file entry-v1.pdb (PDB, C-alpha atoms, pLDDT in the B column)
MODEL        1
ATOM      1  CA  PRO A 220     -32.660 105.669 126.550  1.00 56.00           C
ATOM      2  CA  PRO A 221     -35.411 105.323 129.165  1.00 55.00           C
ATOM      3  CA  PRO A 222     -34.332 105.169 132.819  1.00 57.00           C
ATOM      4  CA  PRO A 223     -33.856 101.660 134.275  1.00 56.00           C
ATOM      5  CA  PRO A 224     -36.608 100.126 136.417  1.00 55.00           C
ATOM      6  CA  GLN A 225     -36.464 101.320 140.022  1.00 57.00           C
ATOM      7  CA  ARG A 226     -36.469  98.987 143.015  1.00 56.00           C
ATOM      8  CA  GLY A 227     -38.519  99.619 146.097  1.00 52.00           C
ATOM      9  CA  GLY A 228     -41.373 101.275 144.265  1.00 52.00           C
ATOM     10  CA  GLY A 229     -43.830  98.612 145.268  1.00 54.00           C
ATOM     11  CA  GLY A 230     -44.983  98.088 141.704  1.00 55.00           C
ATOM     12  CA  GLY A 231     -44.276  94.379 141.749  1.00 54.00           C
ATOM     13  CA  GLY A 232     -42.334  94.500 138.489  1.00 61.00           C
ATOM     14  CA  VAL A 233     -39.404  92.339 137.441  1.00 61.00           C
ATOM     15  CA  ALA A 234     -36.875  94.735 138.968  1.00 64.00           C
ATOM     16  CA  GLU A 235     -38.391  94.070 142.420  1.00 73.00           C
ATOM     17  CA  LEU A 236     -37.452  90.379 142.113  1.00 79.00           C
ATOM     18  CA  LEU A 237     -33.854  90.864 141.021  1.00 89.00           C
ATOM     19  CA  PRO A 238     -30.759  91.453 143.138  1.00 91.00           C
ATOM     20  CA  GLU A 239     -28.891  94.725 142.855  1.00 94.00           C
ATOM     21  CA  VAL A 240     -25.185  94.317 142.131  1.00 95.00           C
ATOM     22  CA  LYS A 241     -22.574  96.684 143.543  1.00 96.00           C
ATOM     23  CA  LEU A 242     -19.784  96.982 140.967  1.00 97.00           C
ATOM     24  CA  PRO A 243     -16.206  98.124 141.680  1.00 96.00           C
ATOM     25  CA  ILE A 244     -16.453 100.839 138.999  1.00 97.00           C
ATOM     26  CA  ASP A 245     -19.113 102.537 136.887  1.00 98.00           C
ATOM     27  CA  ILE A 246     -19.936 101.158 133.439  1.00 98.00           C
ATOM     28  CA  GLU A 247     -20.773 103.292 130.399  1.00 98.00           C
ATOM     29  CA  ILE A 248     -22.215 101.458 127.404  1.00 98.00           C
ATOM     30  CA  LEU A 249     -21.720 102.894 123.926  1.00 98.00           C
ATOM     31  CA  LEU A 250     -24.700 101.609 121.978  1.00 97.00           C
ATOM     32  CA  HIS A 251     -24.262 101.441 118.208  1.00 97.00           C
ATOM     33  CA  PRO A 252     -27.375 102.759 116.408  1.00 95.00           C
ATOM     34  CA  GLN A 253     -27.700  99.560 114.362  1.00 94.00           C
ATOM     35  CA  GLU A 254     -27.439  97.246 117.337  1.00 91.00           C
ATOM     36  CA  ASN A 255     -30.590  95.288 118.138  1.00 86.00           C
ATOM     37  CA  ARG A 256     -31.477  96.111 121.754  1.00 90.00           C
ATOM     38  CA  LYS A 257     -32.971  92.655 122.234  1.00 84.00           C
ATOM     39  CA  LYS A 258     -29.542  91.164 121.558  1.00 85.00           C
ATOM     40  CA  ALA A 259     -27.574  93.775 123.505  1.00 91.00           C
ATOM     41  CA  THR A 260     -26.458  91.772 126.536  1.00 92.00           C
ATOM     42  CA  SER A 261     -24.786  94.678 128.338  1.00 95.00           C
ATOM     43  CA  LEU A 262     -28.129  96.446 128.779  1.00 95.00           C
ATOM     44  CA  GLN A 263     -28.919  93.865 131.448  1.00 94.00           C
ATOM     45  CA  LEU A 264     -26.438  95.746 133.634  1.00 95.00           C
ATOM     46  CA  CYS A 265     -28.778  98.723 133.672  1.00 94.00           C
ATOM     47  CA  VAL A 266     -31.324  96.556 135.483  1.00 93.00           C
ATOM     48  CA  LEU A 267     -28.913  94.762 137.815  1.00 95.00           C
ATOM     49  CA  ALA A 268     -26.686  97.761 138.631  1.00 96.00           C
ATOM     50  CA  PRO A 269     -28.909 100.760 137.818  1.00 94.00           C
ATOM     51  CA  GLY A 270     -26.934 103.303 139.801  1.00 94.00           C
ATOM     52  CA  GLN A 271     -23.634 102.427 138.135  1.00 97.00           C
ATOM     53  CA  CYS A 272     -24.591 101.799 134.538  1.00 97.00           C
ATOM     54  CA  LYS A 273     -25.265 104.383 131.851  1.00 97.00           C
ATOM     55  CA  VAL A 274     -26.100 103.991 128.159  1.00 97.00           C
ATOM     56  CA  ARG A 275     -24.788 106.492 125.606  1.00 98.00           C
ATOM     57  CA  ARG A 276     -25.779 106.554 121.967  1.00 97.00           C
ATOM     58  CA  TYR A 277     -22.866 106.254 119.585  1.00 97.00           C
ATOM     59  CA  PRO A 278     -21.510 108.560 118.285  1.00 97.00           C
ATOM     60  CA  GLU A 279     -23.435 111.688 119.294  1.00 97.00           C
ATOM     61  CA  GLU A 280     -23.341 111.128 123.055  1.00 98.00           C
ATOM     62  CA  ILE A 281     -19.658 110.290 123.542  1.00 98.00           C
ATOM     63  CA  PRO A 282     -18.262 112.763 126.102  1.00 98.00           C
ATOM     64  CA  ASP A 283     -14.704 113.947 126.622  1.00 98.00           C
ATOM     65  CA  TYR A 284     -13.557 111.187 128.957  1.00 98.00           C
ATOM     66  CA  ASP A 285     -10.837 111.730 131.543  1.00 98.00           C
ATOM     67  CA  PRO A 286      -7.928 109.439 130.488  1.00 97.00           C
ATOM     68  CA  GLU A 287      -6.764 109.050 134.096  1.00 97.00           C
ATOM     69  CA  SER A 288     -10.064 107.758 135.449  1.00 98.00           C
ATOM     70  CA  THR A 289     -11.531 106.042 132.365  1.00 98.00           C
ATOM     71  CA  ALA A 290     -10.585 103.026 130.273  1.00 98.00           C
ATOM     72  CA  LEU A 291     -12.088 101.400 127.189  1.00 98.00           C
ATOM     73  CA  LEU A 292     -12.572  97.640 127.245  1.00 98.00           C
ATOM     74  CA  PHE A 293     -11.275  96.715 123.815  1.00 97.00           C
ATOM     75  CA  PRO A 294      -8.477  94.300 122.765  1.00 94.00           C
ATOM     76  CA  ASP A 295      -6.485  96.475 120.386  1.00 95.00           C
ATOM     77  CA  SER A 296      -2.713  96.468 119.922  1.00 95.00           C
ATOM     78  CA  LYS A 297      -2.261  99.043 122.718  1.00 96.00           C
ATOM     79  CA  SER A 298      -4.451  97.351 125.302  1.00 97.00           C
ATOM     80  CA  SER A 299      -3.095  95.904 128.522  1.00 98.00           C
ATOM     81  CA  LEU A 300      -4.210  93.405 131.132  1.00 97.00           C
ATOM     82  CA  LEU A 301      -4.956  94.736 134.590  1.00 96.00           C
ATOM     83  CA  GLN A 302      -2.404  92.303 135.996  1.00 93.00           C
ATOM     84  CA  GLU A 303       0.319  94.106 134.046  1.00 95.00           C
ATOM     85  CA  GLY A 304      -0.079  97.119 136.323  1.00 94.00           C
ATOM     86  CA  LYS A 305      -0.184  99.738 133.570  1.00 96.00           C
ATOM     87  CA  ILE A 306      -3.542 101.037 134.805  1.00 96.00           C
ATOM     88  CA  ASP A 307      -3.740 102.697 138.215  1.00 96.00           C
ATOM     89  CA  LEU A 308      -6.781 100.949 139.655  1.00 96.00           C
ATOM     90  CA  SER A 309      -7.023 103.435 142.501  1.00 95.00           C
ATOM     91  CA  LYS A 310      -7.834 106.136 139.936  1.00 97.00           C
ATOM     92  CA  LEU A 311      -9.941 104.052 137.548  1.00 98.00           C
ATOM     93  CA  LYS A 312     -13.575 105.066 138.049  1.00 98.00           C
ATOM     94  CA  THR A 313     -15.287 104.278 134.740  1.00 98.00           C
ATOM     95  CA  LEU A 314     -15.113 101.438 132.233  1.00 98.00           C
ATOM     96  CA  VAL A 315     -16.440 102.118 128.738  1.00 98.00           C
ATOM     97  CA  VAL A 316     -17.771  99.119 126.806  1.00 98.00           C
ATOM     98  CA  VAL A 317     -18.940  98.888 123.206  1.00 97.00           C
ATOM     99  CA  GLU A 318     -22.310  97.329 122.436  1.00 95.00           C
ATOM    100  CA  SER A 319     -22.300  96.360 118.777  1.00 93.00           C
ATOM    101  CA  THR A 320     -21.349  93.484 116.523  1.00 85.00           C
ATOM    102  CA  TRP A 321     -17.654  92.678 116.467  1.00 80.00           C
ATOM    103  CA  GLN A 322     -17.448  93.936 112.892  1.00 83.00           C
ATOM    104  CA  LYS A 323     -18.724  97.378 113.940  1.00 92.00           C
ATOM    105  CA  ALA A 324     -16.814  97.491 117.242  1.00 93.00           C
ATOM    106  CA  ASN A 325     -13.522  98.319 115.530  1.00 93.00           C
ATOM    107  CA  HIS A 326     -15.080 101.384 113.932  1.00 95.00           C
ATOM    108  CA  VAL A 327     -16.513 102.498 117.285  1.00 97.00           C
ATOM    109  CA  ALA A 328     -13.176 102.089 119.073  1.00 97.00           C
ATOM    110  CA  ARG A 329     -11.438 104.311 116.504  1.00 96.00           C
ATOM    111  CA  HIS A 330     -13.582 107.322 117.412  1.00 97.00           C
ATOM    112  CA  PRO A 331     -11.250 110.275 118.168  1.00 97.00           C
ATOM    113  CA  LYS A 332     -12.623 110.764 121.684  1.00 98.00           C
ATOM    114  CA  LEU A 333     -11.961 107.118 122.515  1.00 98.00           C
ATOM    115  CA  GLN A 334      -8.425 107.296 121.192  1.00 97.00           C
ATOM    116  CA  ARG A 335      -7.582 109.581 124.116  1.00 97.00           C
ATOM    117  CA  ILE A 336      -8.262 106.989 126.816  1.00 98.00           C
ATOM    118  CA  PRO A 337      -6.313 103.796 127.539  1.00 98.00           C
ATOM    119  CA  THR A 338      -7.635 100.433 126.385  1.00 98.00           C
ATOM    120  CA  VAL A 339      -7.755  97.338 128.526  1.00 98.00           C
ATOM    121  CA  ARG A 340      -8.464  93.720 127.718  1.00 97.00           C
ATOM    122  CA  ILE A 341      -9.282  90.575 129.653  1.00 96.00           C
ATOM    123  CA  GLU A 342      -7.409  87.308 129.682  1.00 95.00           C
ATOM    124  CA  GLU A 343      -8.456  84.921 126.919  1.00 91.00           C
ATOM    125  CA  LYS A 344     -11.786  83.288 127.689  1.00 90.00           C
ATOM    126  CA  GLU A 345     -14.161  80.991 125.853  1.00 81.00           C
ATOM    127  CA  GLY A 346     -17.517  82.598 125.219  1.00 71.00           C
ATOM    128  CA  THR A 347     -20.941  81.053 125.773  1.00 73.00           C
ATOM    129  CA  PHE A 348     -23.059  83.518 123.794  1.00 65.00           C
ATOM    130  CA  TRP A 349     -25.670  82.018 121.472  1.00 57.00           C
ATOM    131  CA  ARG A 350     -25.623  84.851 118.941  1.00 56.00           C
ATOM    132  CA  TYR A 351     -23.903  83.511 115.819  1.00 51.00           C
ATOM    133  CA  GLN A 352     -20.612  85.019 114.718  1.00 57.00           C
ATOM    134  CA  GLU A 353     -17.809  83.605 112.582  1.00 59.00           C
ATOM    135  CA  LEU A 354     -14.812  84.980 114.481  1.00 56.00           C
ATOM    136  CA  GLY A 355     -14.448  82.137 116.967  1.00 58.00           C
ATOM    137  CA  ASN A 356     -15.478  81.352 120.527  1.00 67.00           C
ATOM    138  CA  GLY A 357     -12.814  83.665 121.946  1.00 70.00           C
ATOM    139  CA  PHE A 358     -14.967  86.644 120.945  1.00 76.00           C
ATOM    140  CA  LEU A 359     -17.302  87.177 123.879  1.00 88.00           C
ATOM    141  CA  SER A 360     -20.548  89.063 124.245  1.00 88.00           C
ATOM    142  CA  THR A 361     -20.240  92.513 125.815  1.00 92.00           C
ATOM    143  CA  LEU A 362     -21.743  91.354 129.108  1.00 93.00           C
ATOM    144  CA  GLU A 363     -19.442  88.337 129.347  1.00 91.00           C
ATOM    145  CA  ALA A 364     -16.377  90.512 128.751  1.00 94.00           C
ATOM    146  CA  THR A 365     -17.562  93.066 131.315  1.00 97.00           C
ATOM    147  CA  PHE A 366     -18.155  90.356 133.903  1.00 95.00           C
ATOM    148  CA  HIS A 367     -14.682  88.900 133.437  1.00 95.00           C
ATOM    149  CA  PHE A 368     -13.225  92.407 133.660  1.00 97.00           C
ATOM    150  CA  VAL A 369     -14.795  93.123 137.063  1.00 97.00           C
ATOM    151  CA  VAL A 370     -13.571  89.723 138.282  1.00 96.00           C
ATOM    152  CA  GLU A 371     -10.028  90.549 137.164  1.00 96.00           C
ATOM    153  CA  HIS A 372     -10.396  94.038 138.642  1.00 97.00           C
ATOM    154  CA  PHE A 373     -11.269  92.503 142.014  1.00 96.00           C
ATOM    155  CA  GLU A 374      -8.320  90.125 141.958  1.00 95.00           C
ATOM    156  CA  ALA A 375      -5.845  92.731 140.730  1.00 94.00           C
ATOM    157  CA  SER A 376      -7.005  95.255 143.352  1.00 94.00           C
ATOM    158  CA  GLU A 377      -6.921  92.746 146.189  1.00 92.00           C
ATOM    159  CA  ASN A 378      -3.525  91.363 145.240  1.00 87.00           C
ATOM    160  CA  THR A 379      -2.071  94.853 144.838  1.00 82.00           C
ATOM    161  CA  ALA A 380      -3.314  95.765 148.310  1.00 79.00           C
ATOM    162  CA  SER A 381      -2.012  92.485 149.703  1.00 71.00           C
ATOM    163  CA  HIS A 382       1.418  93.045 148.171  1.00 65.00           C
ATOM    164  CA  ALA A 383       1.551  96.590 149.546  1.00 66.00           C
ATOM    165  CA  SER A 384       0.582  95.317 152.989  1.00 60.00           C
ATOM    166  CA  ASN A 385       3.270  92.637 152.927  1.00 65.00           C
ATOM    167  CA  SER A 386       5.884  95.123 151.739  1.00 62.00           C
ATOM    168  CA  SER A 387       5.098  97.481 154.617  1.00 59.00           C
ATOM    169  CA  GLY A 388       5.548  94.706 157.134  1.00 60.00           C
ATOM    170  CA  SER A 389       1.953  94.765 158.343  1.00 56.00           C
ATOM    171  CA  GLU A 390      -0.188  91.682 158.726  1.00 52.00           C
ATOM    172  CA  PRO A 391      -0.993  90.099 155.325  1.00 48.00           C
ATOM    173  CA  ARG A 392      -4.544  90.265 154.068  1.00 48.00           C
ATOM    174  CA  GLN A 393      -6.250  86.912 154.252  1.00 44.00           C
ATOM    175  CA  LYS A 394      -7.877  85.222 151.302  1.00 42.00           C
ATOM    176  CA  ARG A 395     -11.576  85.784 151.519  1.00 38.00           C
ATOM    177  CA  ALA A 396     -13.806  82.744 151.654  1.00 35.00           C
ATOM    178  CA  LYS A 397     -16.399  82.530 148.949  1.00 39.00           C
ATOM    179  CA  VAL A 398     -19.699  83.973 150.095  1.00 35.00           C
ATOM    180  CA  VAL A 399     -22.541  81.455 150.108  1.00 32.00           C
ATOM    181  CA  ASP A 400     -25.933  83.070 149.700  1.00 39.00           C
ATOM    182  CA  SER A 401     -29.070  80.960 150.013  1.00 35.00           C
ATOM    183  CA  ASP A 402     -31.232  83.680 148.467  1.00 40.00           C
ATOM    184  CA  GLU A 403     -33.114  82.159 145.549  1.00 38.00           C
ATOM    185  CA  LYS A 404     -32.440  85.251 143.445  1.00 43.00           C
ATOM    186  CA  ARG A 405     -28.762  84.291 143.168  1.00 46.00           C
ATOM    187  CA  LEU A 406     -27.424  81.956 140.506  1.00 48.00           C
ATOM    188  CA  SER A 407     -27.558  78.234 141.168  1.00 47.00           C
ATOM    189  CA  SER A 408     -24.328  76.264 140.810  1.00 44.00           C
ATOM    190  CA  GLU A 409     -25.667  74.709 137.593  1.00 45.00           C
ATOM    191  CA  ASP A 410     -26.397  78.077 135.993  1.00 49.00           C
ATOM    192  CA  LYS A 411     -22.995  79.420 136.994  1.00 46.00           C
ATOM    193  CA  GLY A 412     -21.460  76.755 134.768  1.00 43.00           C
ATOM    194  CA  ALA A 413     -22.450  78.918 131.811  1.00 45.00           C
ATOM    195  CA  CYS A 414     -20.500  81.915 133.049  1.00 47.00           C
ATOM    196  CA  SER A 415     -17.895  80.856 135.599  1.00 46.00           C
ATOM    197  CA  ALA A 416     -14.676  82.820 135.969  1.00 48.00           C
ATOM    198  CA  ASP A 417     -11.216  81.336 136.353  1.00 48.00           C
ATOM    199  CA  SER A 418      -8.800  82.683 138.910  1.00 45.00           C
ATOM    200  CA  GLY A 419      -5.067  82.620 138.961  1.00 50.00           C
ATOM    201  CA  SER A 420      -2.732  82.538 141.941  1.00 57.00           C
ATOM    202  CA  GLY A 421      -3.047  84.955 144.842  1.00 75.00           C
ATOM    203  CA  ILE A 422      -6.318  86.202 146.280  1.00 83.00           C
ATOM    204  CA  ARG A 423      -9.151  84.513 144.427  1.00 88.00           C
ATOM    205  CA  TYR A 424     -12.448  85.942 143.277  1.00 93.00           C
ATOM    206  CA  ASP A 425     -15.159  85.229 145.844  1.00 94.00           C
ATOM    207  CA  GLY A 426     -18.327  85.307 143.719  1.00 95.00           C
ATOM    208  CA  ARG A 427     -19.532  88.767 144.686  1.00 96.00           C
ATOM    209  CA  TYR A 428     -20.276  89.838 141.092  1.00 97.00           C
ATOM    210  CA  ASP A 429     -21.838  86.597 139.866  1.00 95.00           C
ATOM    211  CA  ASP A 430     -25.289  88.171 139.720  1.00 96.00           C
ATOM    212  CA  VAL A 431     -24.085  90.327 136.818  1.00 95.00           C
ATOM    213  CA  MET A 432     -24.712  87.177 134.753  1.00 92.00           C
ATOM    214  CA  LEU A 433     -28.071  86.284 136.309  1.00 93.00           C
ATOM    215  CA  MET A 434     -30.333  87.253 133.390  1.00 91.00           C
ATOM    216  CA  TYR A 435     -27.769  86.049 130.856  1.00 85.00           C
ATOM    217  CA  ALA A 436     -27.548  82.632 132.544  1.00 86.00           C
ATOM    218  CA  GLN A 437     -31.332  82.320 132.515  1.00 86.00           C
ATOM    219  CA  GLN A 438     -31.426  83.067 128.791  1.00 84.00           C
ATOM    220  CA  HIS A 439     -28.594  80.620 128.160  1.00 82.00           C
ATOM    221  CA  ARG A 440     -30.399  77.922 130.124  1.00 83.00           C
ATOM    222  CA  MET A 441     -33.679  78.513 128.291  1.00 83.00           C
ATOM    223  CA  ILE A 442     -32.084  78.376 124.843  1.00 79.00           C
ATOM    224  CA  THR A 443     -30.069  75.287 125.756  1.00 79.00           C
ATOM    225  CA  GLN A 444     -33.221  73.530 126.913  1.00 79.00           C
ATOM    226  CA  LEU A 445     -35.068  74.479 123.736  1.00 75.00           C
ATOM    227  CA  ARG A 446     -32.181  73.215 121.637  1.00 71.00           C
ATOM    228  CA  SER A 447     -31.964  69.936 123.561  1.00 74.00           C
ATOM    229  CA  LYS A 448     -35.686  69.395 122.947  1.00 72.00           C
ATOM    230  CA  GLY A 449     -35.271  70.001 119.230  1.00 68.00           C
ATOM    231  CA  ALA A 450     -37.211  73.259 119.063  1.00 57.00           C
ATOM    232  CA  LYS A 451     -37.619  74.428 115.478  1.00 55.00           C
ATOM    233  CA  GLY A 452     -35.446  77.361 114.504  1.00 54.00           C
ATOM    234  CA  VAL A 453     -33.222  77.180 117.589  1.00 52.00           C
ATOM    235  CA  GLY A 454     -29.676  76.493 116.479  1.00 53.00           C
ATOM    236  CA  ALA A 455     -26.642  75.831 118.630  1.00 49.00           C
ATOM    237  CA  ILE A 456     -22.945  76.473 118.428  1.00 48.00           C
ATOM    238  CA  LYS A 457     -21.062  73.424 119.686  1.00 49.00           C
ATOM    239  CA  HIS A 458     -18.665  75.287 121.938  1.00 47.00           C
ATOM    240  CA  TRP A 459     -21.434  76.618 124.190  1.00 43.00           C
ATOM    241  CA  PHE A 460     -23.939  73.763 124.110  1.00 43.00           C
ATOM    242  CA  ILE A 461     -24.507  72.418 127.620  1.00 43.00           C
ATOM    243  CA  ALA A 462     -26.950  69.550 127.987  1.00 43.00           C
ATOM    244  CA  ASP A 463     -29.415  69.894 130.838  1.00 42.00           C
ATOM    245  CA  GLU A 464     -28.916  66.721 132.870  1.00 41.00           C
ATOM    246  CA  LYS A 465     -32.279  67.089 134.563  1.00 43.00           C
ATOM    247  CA  ASP A 466     -34.101  66.897 131.234  1.00 42.00           C
ATOM    248  CA  SER A 467     -31.959  64.118 129.742  1.00 39.00           C
TER     249      SER A 467
ENDMDL
END
call {"tool": "encode", "arguments": {"input": "entry-v1.pdb", "output": "structure tokens"}}
result
Amino acid sequence: PPPPPQRGGGGGGVAELLPEVKLPIDIEILLHPQENRKKATSLQLCVLAPGQCKVRRYPEEIPDYDPESTALLFPDSKSSLLQEGKIDLSKLKTLVVVESTWQKANHVARHPKLQRIPTVRIEEKEGTFWRYQELGNGFLSTLEATFHFVVEHFEASENTASHASNSSGSEPRQKRAKVVDSDEKRLSSEDKGACSADSGSGIRYDGRYDDVMLMYAQQHRMITQLRSKGAKGVGAIKHWFIADEKDS
């Protein structure tokens, strides 16, 4: 795949206008050869986090991953939640995600080289992706699942550190206030409604990775507006349809 657009080159391209997201771990995307790149949501990460995102063609470019520092994001029978503590987050450096249809994802995940690394899953979420599939709204797009993973990674890491600090008798870590950024490149509160993340008890997610969903939210908003205006050929799945109050 071609290299992602570079920031700071002075070319005035789209990449110059977008924020750059710093992720807690690197992301490797396994791109199925039959996957339509225009529908591959995870490729947006290569623009928003270019130094931490890499695309590999499936199956010829799958490397021999280190099982101690790598995990596959896939909800199989062996997968675990980060909150369960089965994955050592201090050693986890790379998350592998599958970019394909759900029907093909099972075949990808059964590749022998991927069987050697642990699988992780996210807590059940309701998807907002507009690409039609018959499996239900609990089956998210690759980008949505990746976003929720990094949110859960943040919370699990922070709460683990907080617990360790409390156990050692040192001063507890304080909950971090949510960062408010007035930069227009960040998501508005309305757009975040299409991709918000829930938090459980303990230290709560503070919004630092919200820009992972920036391009996705813009697409969602555009399609929702077209659907609300009755655009021909633009269908909608009820579970993700959000009416734009400004246009109503």
call {"tool": "resolve_selection", "arguments": {"input": "entry-v1.pdb", "expression": "the PyMOL selection byres ((chain A and resi 250) around 7)", "output": "PyMOL selection string"}}
result
chain A and resi 248-249+251-252+254+274-277+317-319
call {"tool": "resolve_selection", "arguments": {"input": "entry-v1.pdb", "expression": "the PyMOL selection byres ((chain A and resi 293-309) around 7)", "output": "PyMOL selection string"}}
result
chain A and resi 291-292+310-311+338-341+372+375-376
call {"tool": "closest_residue", "arguments": {"input": "entry-v1.pdb", "among": "A:His367, A:Arg423, A:Lys241, A:Arg335", "to": "A:Pro286", "atoms": "only C-alpha atoms"}}
result
A:Arg335
call {"tool": "residues_around", "arguments": {"input": "entry-v1.pdb", "residues": "A:Ala290", "least_positions_apart": "4", "cutoff": "6 Å", "atoms": "only C-alpha atoms", "output": "ChimeraX atom specification"}}
result
/A:314,336-338
call {"tool": "closest_residue", "arguments": {"input": "entry-v1.pdb", "among": "A:His330, A:Leu362, A:Glu235, A:Ser381", "to": "A:Glu279", "atoms": "all atoms listed in the file"}}
result
A:His330
call {"tool": "resolve_selection", "arguments": {"input": "entry-v1.pdb", "expression": "the PyMOL selection byres ((chain A and resi 313) around 7)", "output": "PDB file with C-alpha atoms, in the frame of the given file"}}
result
ATOM      1  CA  ILE A 244     -16.453 100.839 138.999  1.00 97.00           C
ATOM      2  CA  ASP A 245     -19.113 102.537 136.887  1.00 98.00           C
ATOM      3  CA  ILE A 246     -19.936 101.158 133.439  1.00 98.00           C
ATOM      4  CA  SER A 288     -10.064 107.758 135.449  1.00 98.00           C
ATOM      5  CA  THR A 289     -11.531 106.042 132.365  1.00 98.00           C
ATOM      6  CA  ALA A 290     -10.585 103.026 130.273  1.00 98.00           C
ATOM      7  CA  LEU A 311      -9.941 104.052 137.548  1.00 98.00           C
ATOM      8  CA  LYS A 312     -13.575 105.066 138.049  1.00 98.00           C
ATOM      9  CA  LEU A 314     -15.113 101.438 132.233  1.00 98.00           C
ATOM     10  CA  VAL A 315     -16.440 102.118 128.738  1.00 98.00           C
TER      11      VAL A 315
END
call {"tool": "closest_residue", "arguments": {"input": "entry-v1.pdb", "among": "A:Gln271, A:Asn378, A:Thr347, A:Asn325", "to": "A:Tyr424", "atoms": "all atoms listed in the file"}}
result
A:Asn378
call {"tool": "residues_around", "arguments": {"input": "entry-v1.pdb", "residues": "stretch 257-265 of chain A", "least_positions_apart": "3", "cutoff": "10 Å", "atoms": "only C-alpha atoms", "output": "ChimeraX atom specification"}}
result
/A:222-224,239-240,242,246-251,254,268-274,316-320,348-350,360-366,430-435
call {"tool": "write_last_selection", "arguments": {"input": "entry-v1.pdb", "atoms": "C-alpha atoms", "output": "PDB file, keeping the file's coordinate frame"}}
result
ATOM      1  CA  PRO A 222     -34.332 105.169 132.819  1.00 57.00           C
ATOM      2  CA  PRO A 223     -33.856 101.660 134.275  1.00 56.00           C
ATOM      3  CA  PRO A 224     -36.608 100.126 136.417  1.00 55.00           C
ATOM      4  CA  GLU A 239     -28.891  94.725 142.855  1.00 94.00           C
ATOM      5  CA  VAL A 240     -25.185  94.317 142.131  1.00 95.00           C
ATOM      6  CA  LEU A 242     -19.784  96.982 140.967  1.00 97.00           C
ATOM      7  CA  ILE A 246     -19.936 101.158 133.439  1.00 98.00           C
ATOM      8  CA  GLU A 247     -20.773 103.292 130.399  1.00 98.00           C
ATOM      9  CA  ILE A 248     -22.215 101.458 127.404  1.00 98.00           C
ATOM     10  CA  LEU A 249     -21.720 102.894 123.926  1.00 98.00           C
ATOM     11  CA  LEU A 250     -24.700 101.609 121.978  1.00 97.00           C
ATOM     12  CA  HIS A 251     -24.262 101.441 118.208  1.00 97.00           C
ATOM     13  CA  GLU A 254     -27.439  97.246 117.337  1.00 91.00           C
ATOM     14  CA  ALA A 268     -26.686  97.761 138.631  1.00 96.00           C
ATOM     15  CA  PRO A 269     -28.909 100.760 137.818  1.00 94.00           C
ATOM     16  CA  GLY A 270     -26.934 103.303 139.801  1.00 94.00           C
ATOM     17  CA  GLN A 271     -23.634 102.427 138.135  1.00 97.00           C
ATOM     18  CA  CYS A 272     -24.591 101.799 134.538  1.00 97.00           C
ATOM     19  CA  LYS A 273     -25.265 104.383 131.851  1.00 97.00           C
ATOM     20  CA  VAL A 274     -26.100 103.991 128.159  1.00 97.00           C
ATOM     21  CA  VAL A 316     -17.771  99.119 126.806  1.00 98.00           C
ATOM     22  CA  VAL A 317     -18.940  98.888 123.206  1.00 97.00           C
ATOM     23  CA  GLU A 318     -22.310  97.329 122.436  1.00 95.00           C
ATOM     24  CA  SER A 319     -22.300  96.360 118.777  1.00 93.00           C
ATOM     25  CA  THR A 320     -21.349  93.484 116.523  1.00 85.00           C
ATOM     26  CA  PHE A 348     -23.059  83.518 123.794  1.00 65.00           C
ATOM     27  CA  TRP A 349     -25.670  82.018 121.472  1.00 57.00           C
ATOM     28  CA  ARG A 350     -25.623  84.851 118.941  1.00 56.00           C
ATOM     29  CA  SER A 360     -20.548  89.063 124.245  1.00 88.00           C
ATOM     30  CA  THR A 361     -20.240  92.513 125.815  1.00 92.00           C
ATOM     31  CA  LEU A 362     -21.743  91.354 129.108  1.00 93.00           C
ATOM     32  CA  GLU A 363     -19.442  88.337 129.347  1.00 91.00           C
ATOM     33  CA  ALA A 364     -16.377  90.512 128.751  1.00 94.00           C
ATOM     34  CA  THR A 365     -17.562  93.066 131.315  1.00 97.00           C
ATOM     35  CA  PHE A 366     -18.155  90.356 133.903  1.00 95.00           C
ATOM     36  CA  ASP A 430     -25.289  88.171 139.720  1.00 96.00           C
ATOM     37  CA  VAL A 431     -24.085  90.327 136.818  1.00 95.00           C
ATOM     38  CA  MET A 432     -24.712  87.177 134.753  1.00 92.00           C
ATOM     39  CA  LEU A 433     -28.071  86.284 136.309  1.00 93.00           C
ATOM     40  CA  MET A 434     -30.333  87.253 133.390  1.00 91.00           C
ATOM     41  CA  TYR A 435     -27.769  86.049 130.856  1.00 85.00           C
TER      42      TYR A 435
END
call {"tool": "closest_residue", "arguments": {"input": "entry-v1.pdb", "among": "A:Gly346, A:Gln253, A:Arg446, A:Gly421", "to": "A:Ala324", "atoms": "all atoms listed in the file"}}
result
A:Gln253
call {"tool": "atom_distance", "arguments": {"input": "entry-v1.pdb", "atom1": "atom CA of A:Lys332", "atom2": "atom CA of A:Ile281"}}
result
7.3 Å
call {"tool": "atom_distance", "arguments": {"input": "entry-v1.pdb", "atom1": "atom CA of A:Leu333", "atom2": "atom CA of A:Tyr284"}}
result
7.8 Å
call {"tool": "atom_distance", "arguments": {"input": "entry-v1.pdb", "atom1": "atom CA of A:Tyr428", "atom2": "atom CA of A:Pro238"}}
result
10.8 Å
